[in-house]
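> Please find one structure pasted underneath; my questions will follow.
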Amino acid sequence: MFLKLKKTATAMTVFGAALLSAGAANAGAIITNGIVTLGVNDSGDLNVRGGTPSMTGSTSVVGLRYNANNAEATADGCLCEGWGVGLRSLNIAGYANEAAGSGGFNLVSFTSTASTAVSVVQVGTSMIVTHSYHPSVSGNLYEVDVSVKNISGTAFAAGDLVYRRVMDWDIEPTYFNEYVTIKGVPGALGVANGNNVRGTSDNGFANSNPLSAAGSISCPTDVDFTDCGPSDHGALFDFEFEGLADGATREFVTYYGAAGNETDAVNALGLVGAGLYSLGQTASDPTTGTPSTFVFGFGGEGGVLIPPVTGTVPEPGSLALAGLGMLSLLALRRRKSN
């Protein structure tokens with residue numbers, strides 16, 4: 001507990017300084033698909049204040065929640081969840097994390113509905129970054145379509161564009177003490193070896209700036225591991241990408257979600273084709289993953305990040321309108337046949 005408080009205090013000191021930079025989140029939305037609830041800040045990272053108390057009653061911040069038991073996964077203690085994008089050659093980056101540092105970007109727009117949220121930011125004069133949260137084909141997973149557009153006026157070389165996503169798993173009811181799994185890490189890393197994985201670790205307290213060191217807490221780095229812990233840790237994924245022409249956009253897909261056990265969580269990841277992922281589970285049952293297993297995954301196999309599939313899951317309102325349209329069409333056909 002002391003370690004957690006110490007890390008929280010350190011992270012908040014960093015965050016306080018980051019508020020002086022452009023890009024600190026000041027708005028957001030709490031969205032749900034009925035099974036999973038997310039708190040999405042206008043800057044695209046998680047952990048939004050103002051929700052209902054969690055399972056343990058310890059937080060009203062919403063990061064990632066499983067509605068079946070109201071268990072929170074990222075908001076207890078340190079609000080350490082975020083993303084970052086950077087260019088190695090220019091040493092520039094934009095990154096968002098409510099506790100472990102935000103800066104280097106300007107908000108372009110943020111829109112939301114009851115079940116979706118879209119954040120668009122600009123990193124200097126080099127990149128436009130979009131995070132689009134919406135329901136996926138699995139009710140246990142939210143899909144996050146990520147795109148990075150090159151607006152720099154020149155091409156990015158292979159390996160120059162990098163991206164990080166990091167979260168401190170705090171799985172209720174044993175938050176600050178969970179088991180973590182990372183699966184799908186290629187044996188040889190990087191674009192030179194035909195994949196996008198630059199590195200992985202369990203350091204959920206790391207800065208979201210992808211140009212900073214990742215570090216680790218208690219688990220192996222850059223390899224698969226299963227049920228490491230229990231400890232106060234999370235998951236970090238670093239990526240690098242192929243060359244990107246000026247004006248071009250690199251897209252890929254991530255997923256956040258939860259299920260009542262590990263089998264259902266892994267099956268959900270298989271349904272959407274997320275071959276690289278982390279599981280966060282309580283200290284009480286890492287084997288079967290009850291009462292909840294939380295997941296974070298990336299679309300693709302072998303460490304290759306793939307673009308989103310066109311034709312995303314429509315809003316419930318859109319489904320209702322489509323249904324009414326179909327009924328009207330059927331009625332019209334009946335009248336004509338009569």
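Residues in the structure tokens are numbered from 1 in each chain, the chains being A, B, ... in the order shown, and ligands are numbered from 1 in the order shown.
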Just the residues within 6 Å of Ala235 of chain A, please, counting only C-alpha atoms, with nothing from its chain fewer than 3 positions along; format it as a list in words.
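Close residues of Ala235 of chain A: Val166, Met167, Ser201, Asp202, Asn203 and Gly204 of chain A.
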> Which residues are near segment 288-290 of chain A? Cut-off 6 Å, only C-alpha atoms, ignore same chain within fewer than 3 positions. Put them as a list in words.
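Counting only C-alpha atoms, the residues come to Gly260, Asn261, Glu262, Gln281, Asp285 and Thr293 of chain A.
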> From the list A:Val85, A:Val123, A:Val146, A:Val62, which residue is nearest Thr249 of chain A when using only C-alpha atoms?
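Going through A:Val85, A:Val123, A:Val146, A:Val62 one by one, the smallest distance to Thr249 of chain A is for A:Val146.
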> From the list A:Cys78, A:Leu141, A:Ala93, A:Val118, which residue is nearest Leu271 of chain A when using only C-alpha atoms?
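With only C-alpha atoms as the atom set, the closest residue is A:Leu141.
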> Can you tell me, as a list in words, what residues are no more than 6 Å from segment 36-43 of chain A when counting only C-alpha atoms, ignoring any on the same chain fewer than 6 positions away?
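Close residues of segment 36-43 of chain A: Ala25, Ala27, Gly28, Ala29, Ile30, Val62, Gly63, Leu64, Arg65, Tyr66, Asn67, Phe110 and Ser119 of chain A.
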> So the first atom is atom CA of Leu236 of chain A and the second is atom CA of Trp169 of chain A; what is the distance between them in Å, to one decimal place?
10.4 Å
> Asn106 of chain A: which residues within 12 Å, counting only C-alpha atoms, same-chain residues fewer than 2 positions away excluded, as a ChimeraX atom specification?
/A:21-25,42-44,93-96,102-104,108-110,119-129
> Calculate how many Å separate atom CA of Asp170 of chain A from atom CA of Gly280 of chain A, rounding to one decimal.
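It comes out at 8.0 Å.
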> Mind dumping a table of every segment 35-105 of chain A residue within 10 Å of segment 174-193 of chain A, with the nearest atom pair and its distance in Å to one decimal, using only C-alpha atoms, sorted by chain and rising number, as JSON lines?

```
{"residue": "A:Thr56", "atom": "CA", "partner": "A:Thr174", "partner_atom": "CA", "distance": 9.4}
{"residue": "A:Ala71", "atom": "CA", "partner": "A:Tyr175", "partner_atom": "CA", "distance": 9.9}
{"residue": "A:Glu72", "atom": "CA", "partner": "A:Tyr175", "partner_atom": "CA", "distance": 8.7}
{"residue": "A:Ala73", "atom": "CA", "partner": "A:Tyr175", "partner_atom": "CA", "distance": 7.8}
{"residue": "A:Thr74", "atom": "CA", "partner": "A:Tyr175", "partner_atom": "CA", "distance": 9.0}
{"residue": "A:Ala75", "atom": "CA", "partner": "A:Tyr175", "partner_atom": "CA", "distance": 9.5}
{"residue": "A:Asp76", "atom": "CA", "partner": "A:Tyr175", "partner_atom": "CA", "distance": 6.9}
{"residue": "A:Gly77", "atom": "CA", "partner": "A:Phe176", "partner_atom": "CA", "distance": 8.0}
{"residue": "A:Cys78", "atom": "CA", "partner": "A:Phe176", "partner_atom": "CA", "distance": 9.7}
```
> Would you mind exporting the chosen residues as a PDB file, in the first residue's frame, restricted to C-alpha atoms?

```pdb
ATOM      1  CA  THR A  56     -15.450  -1.608  -3.538  1.00  0.00           C
ATOM      2  CA  ALA A  71     -15.517  -3.945 -10.793  1.00  0.00           C
ATOM      3  CA  GLU A  72     -13.074  -1.200 -11.787  1.00  0.00           C
ATOM      4  CA  ALA A  73      -9.775  -2.085 -13.479  1.00  0.00           C
ATOM      5  CA  THR A  74      -7.702   1.086 -14.006  1.00  0.00           C
ATOM      6  CA  ALA A  75      -8.934   3.875 -11.709  1.00  0.00           C
ATOM      7  CA  ASP A  76      -8.060   2.851  -8.152  1.00  0.00           C
ATOM      8  CA  GLY A  77      -5.047   4.768  -6.836  1.00  0.00           C
ATOM      9  CA  CYS A  78      -2.884   6.012  -9.703  1.00  0.00           C
TER      10      CYS A  78
END
```
> Within segment 4-251 of chain A, find each residue whose DSSP state, derived from the backbone, is strand (DSSP E or B), and express the selection as a PyMOL selection string.
chain A and resi 28-32+36-41+46+48+62+64-66+71-72+81-87+92-97+103+106-112+117-123+127-135+141-150+156+161-167+178-183+197-201+225-231+235-240+244+249-251
> Save the residues we just selected, C-alpha atoms, as an mmCIF file, in the first residue's frame?

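What landed in again.cif:
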```cif
data_model
loop_
_atom_site.group_PDB
_atom_site.id
_atom_site.type_symbol
_atom_site.label_atom_id
_atom_site.label_comp_id
_atom_site.auth_asym_id
_atom_site.auth_seq_id
_atom_site.Cartn_x
_atom_site.Cartn_y
_atom_site.Cartn_z
ATOM 1 C CA GLY A 28 -14.538 13.467 -21.393
ATOM 2 C CA ALA A 29 -17.392 10.991 -21.535
ATOM 3 C CA ILE A 30 -18.504 7.825 -19.765
ATOM 4 C CA ILE A 31 -19.715 5.360 -22.391
ATOM 5 C CA THR A 32 -21.091 1.816 -22.254
ATOM 6 C CA VAL A 36 -18.396 -2.846 -20.427
ATOM 7 C CA THR A 37 -18.165 0.813 -19.383
ATOM 8 C CA LEU A 38 -15.291 3.150 -20.271
ATOM 9 C CA GLY A 39 -14.387 6.644 -19.118
ATOM 10 C CA VAL A 40 -12.727 8.368 -22.107
ATOM 11 C CA ASN A 41 -11.039 11.761 -21.739
ATOM 12 C CA LEU A 46 -9.043 6.590 -19.961
ATOM 13 C CA VAL A 48 -12.856 10.060 -16.159
ATOM 14 C CA VAL A 62 -14.377 5.382 -14.400
ATOM 15 C CA LEU A 64 -12.539 0.303 -17.460
ATOM 16 C CA ARG A 65 -15.470 -1.371 -15.676
ATOM 17 C CA TYR A 66 -17.252 -4.702 -15.923
ATOM 18 C CA ALA A 71 -15.517 -3.945 -10.793
ATOM 19 C CA GLU A 72 -13.074 -1.200 -11.787
ATOM 20 C CA GLU A 81 -3.538 4.772 -18.346
ATOM 21 C CA GLY A 82 -2.581 6.439 -21.562
ATOM 22 C CA TRP A 83 -1.169 6.591 -25.049
ATOM 23 C CA GLY A 84 1.699 8.322 -26.771
ATOM 24 C CA VAL A 85 3.009 8.837 -30.303
ATOM 25 C CA GLY A 86 6.428 10.069 -31.375
ATOM 26 C CA LEU A 87 9.015 10.532 -34.089
ATOM 27 C CA ILE A 92 9.089 14.936 -30.693
ATOM 28 C CA ALA A 93 6.106 13.268 -29.042
ATOM 29 C CA GLY A 94 2.523 13.803 -27.947
ATOM 30 C CA TYR A 95 1.097 11.757 -25.085
ATOM 31 C CA ALA A 96 -1.856 11.666 -22.691
ATOM 32 C CA ASN A 97 -2.071 10.097 -19.241
ATOM 33 C CA GLY A 103 1.729 17.052 -23.263
ATOM 34 C CA ASN A 106 -3.370 20.272 -29.021
ATOM 35 C CA LEU A 107 -6.964 19.093 -28.946
ATOM 36 C CA VAL A 108 -8.673 19.297 -32.338
ATOM 37 C CA SER A 109 -12.065 17.817 -31.419
ATOM 38 C CA PHE A 110 -13.895 15.480 -29.070
ATOM 39 C CA THR A 111 -17.342 14.019 -29.711
ATOM 40 C CA SER A 112 -19.324 11.340 -27.904
ATOM 41 C CA ALA A 117 -16.247 8.613 -28.140
ATOM 42 C CA VAL A 118 -13.859 10.114 -30.704
ATOM 43 C CA SER A 119 -10.767 12.127 -29.781
ATOM 44 C CA VAL A 120 -8.689 13.974 -32.397
ATOM 45 C CA VAL A 121 -5.445 15.735 -31.467
ATOM 46 C CA GLN A 122 -2.561 17.317 -33.344
ATOM 47 C CA VAL A 123 1.079 16.733 -32.437
ATOM 48 C CA MET A 127 0.793 14.293 -36.947
ATOM 49 C CA ILE A 128 -2.959 14.077 -36.453
ATOM 50 C CA VAL A 129 -3.904 11.301 -34.011
ATOM 51 C CA THR A 130 -7.438 9.900 -33.709
ATOM 52 C CA HIS A 131 -8.796 7.438 -31.135
ATOM 53 C CA SER A 132 -12.319 6.244 -31.985
ATOM 54 C CA TYR A 133 -14.036 4.163 -29.281
ATOM 55 C CA HIS A 134 -17.096 2.136 -30.264
ATOM 56 C CA PRO A 135 -18.730 -1.254 -29.596
ATOM 57 C CA LEU A 141 -14.847 -5.753 -25.893
ATOM 58 C CA TYR A 142 -14.770 -2.107 -26.870
ATOM 59 C CA GLU A 143 -12.950 -1.439 -30.141
ATOM 60 C CA VAL A 144 -10.619 1.539 -30.378
ATOM 61 C CA ASP A 145 -9.682 2.468 -33.945
ATOM 62 C CA VAL A 146 -6.412 4.401 -33.887
ATOM 63 C CA SER A 147 -5.071 6.441 -36.791
ATOM 64 C CA VAL A 148 -1.924 8.539 -37.170
ATOM 65 C CA LYS A 149 -1.797 10.878 -40.170
ATOM 66 C CA ASN A 150 1.483 12.295 -41.436
ATOM 67 C CA PHE A 156 8.499 9.075 -42.181
ATOM 68 C CA LEU A 161 6.995 6.504 -36.059
ATOM 69 C CA VAL A 162 6.411 4.945 -32.619
ATOM 70 C CA TYR A 163 3.336 4.469 -30.405
ATOM 71 C CA ARG A 164 2.838 3.405 -26.783
ATOM 72 C CA ARG A 165 -0.193 2.272 -24.781
ATOM 73 C CA VAL A 166 0.231 1.696 -21.063
ATOM 74 C CA MET A 167 -2.080 0.924 -18.148
ATOM 75 C CA GLU A 178 -3.179 -8.510 -9.312
ATOM 76 C CA TYR A 179 -1.920 -11.154 -11.720
ATOM 77 C CA VAL A 180 -0.920 -10.030 -15.208
ATOM 78 C CA THR A 181 -0.542 -11.998 -18.441
ATOM 79 C CA ILE A 182 0.946 -10.838 -21.757
ATOM 80 C CA LYS A 183 0.582 -13.063 -24.833
ATOM 81 C CA VAL A 197 6.178 -4.742 -31.665
ATOM 82 C CA ARG A 198 9.027 -2.661 -30.293
ATOM 83 C CA GLY A 199 8.766 -3.890 -26.686
ATOM 84 C CA THR A 200 6.477 -4.987 -23.836
ATOM 85 C CA SER A 201 6.576 -4.898 -20.042
ATOM 86 C CA PHE A 225 4.370 -14.539 -19.601
ATOM 87 C CA THR A 226 1.385 -15.996 -17.769
ATOM 88 C CA ASP A 227 -0.076 -15.032 -14.377
ATOM 89 C CA CYS A 228 2.905 -13.002 -13.200
ATOM 90 C CA GLY A 229 2.289 -11.721 -9.668
ATOM 91 C CA PRO A 230 0.492 -10.974 -7.539
ATOM 92 C CA SER A 231 1.904 -7.463 -7.550
ATOM 93 C CA ALA A 235 0.961 -3.707 -19.030
ATOM 94 C CA LEU A 236 2.915 -1.606 -21.517
ATOM 95 C CA PHE A 237 3.119 -2.069 -25.287
ATOM 96 C CA ASP A 238 5.548 -0.159 -27.532
ATOM 97 C CA PHE A 239 5.190 -0.236 -31.320
ATOM 98 C CA GLU A 240 7.080 0.980 -34.370
ATOM 99 C CA LEU A 244 4.655 6.520 -43.945
ATOM 100 C CA THR A 249 -2.436 7.537 -42.508
ATOM 101 C CA ARG A 250 -1.451 4.451 -40.501
ATOM 102 C CA GLU A 251 -4.433 2.749 -38.877
#
```
> What gap, in Å, lies between atom CA of Ile306 of chain A and atom CA of Gly257 of chain A?
18.9 Å
> Find the residue from A:Ser138, A:Asn33, A:Ser58, A:Ser152 that sits nearest to Ala114 of chain A; use only C-alpha atoms when measuring.
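Of the candidates, the smallest distance to Ala114 of chain A is held by A:Asn33.
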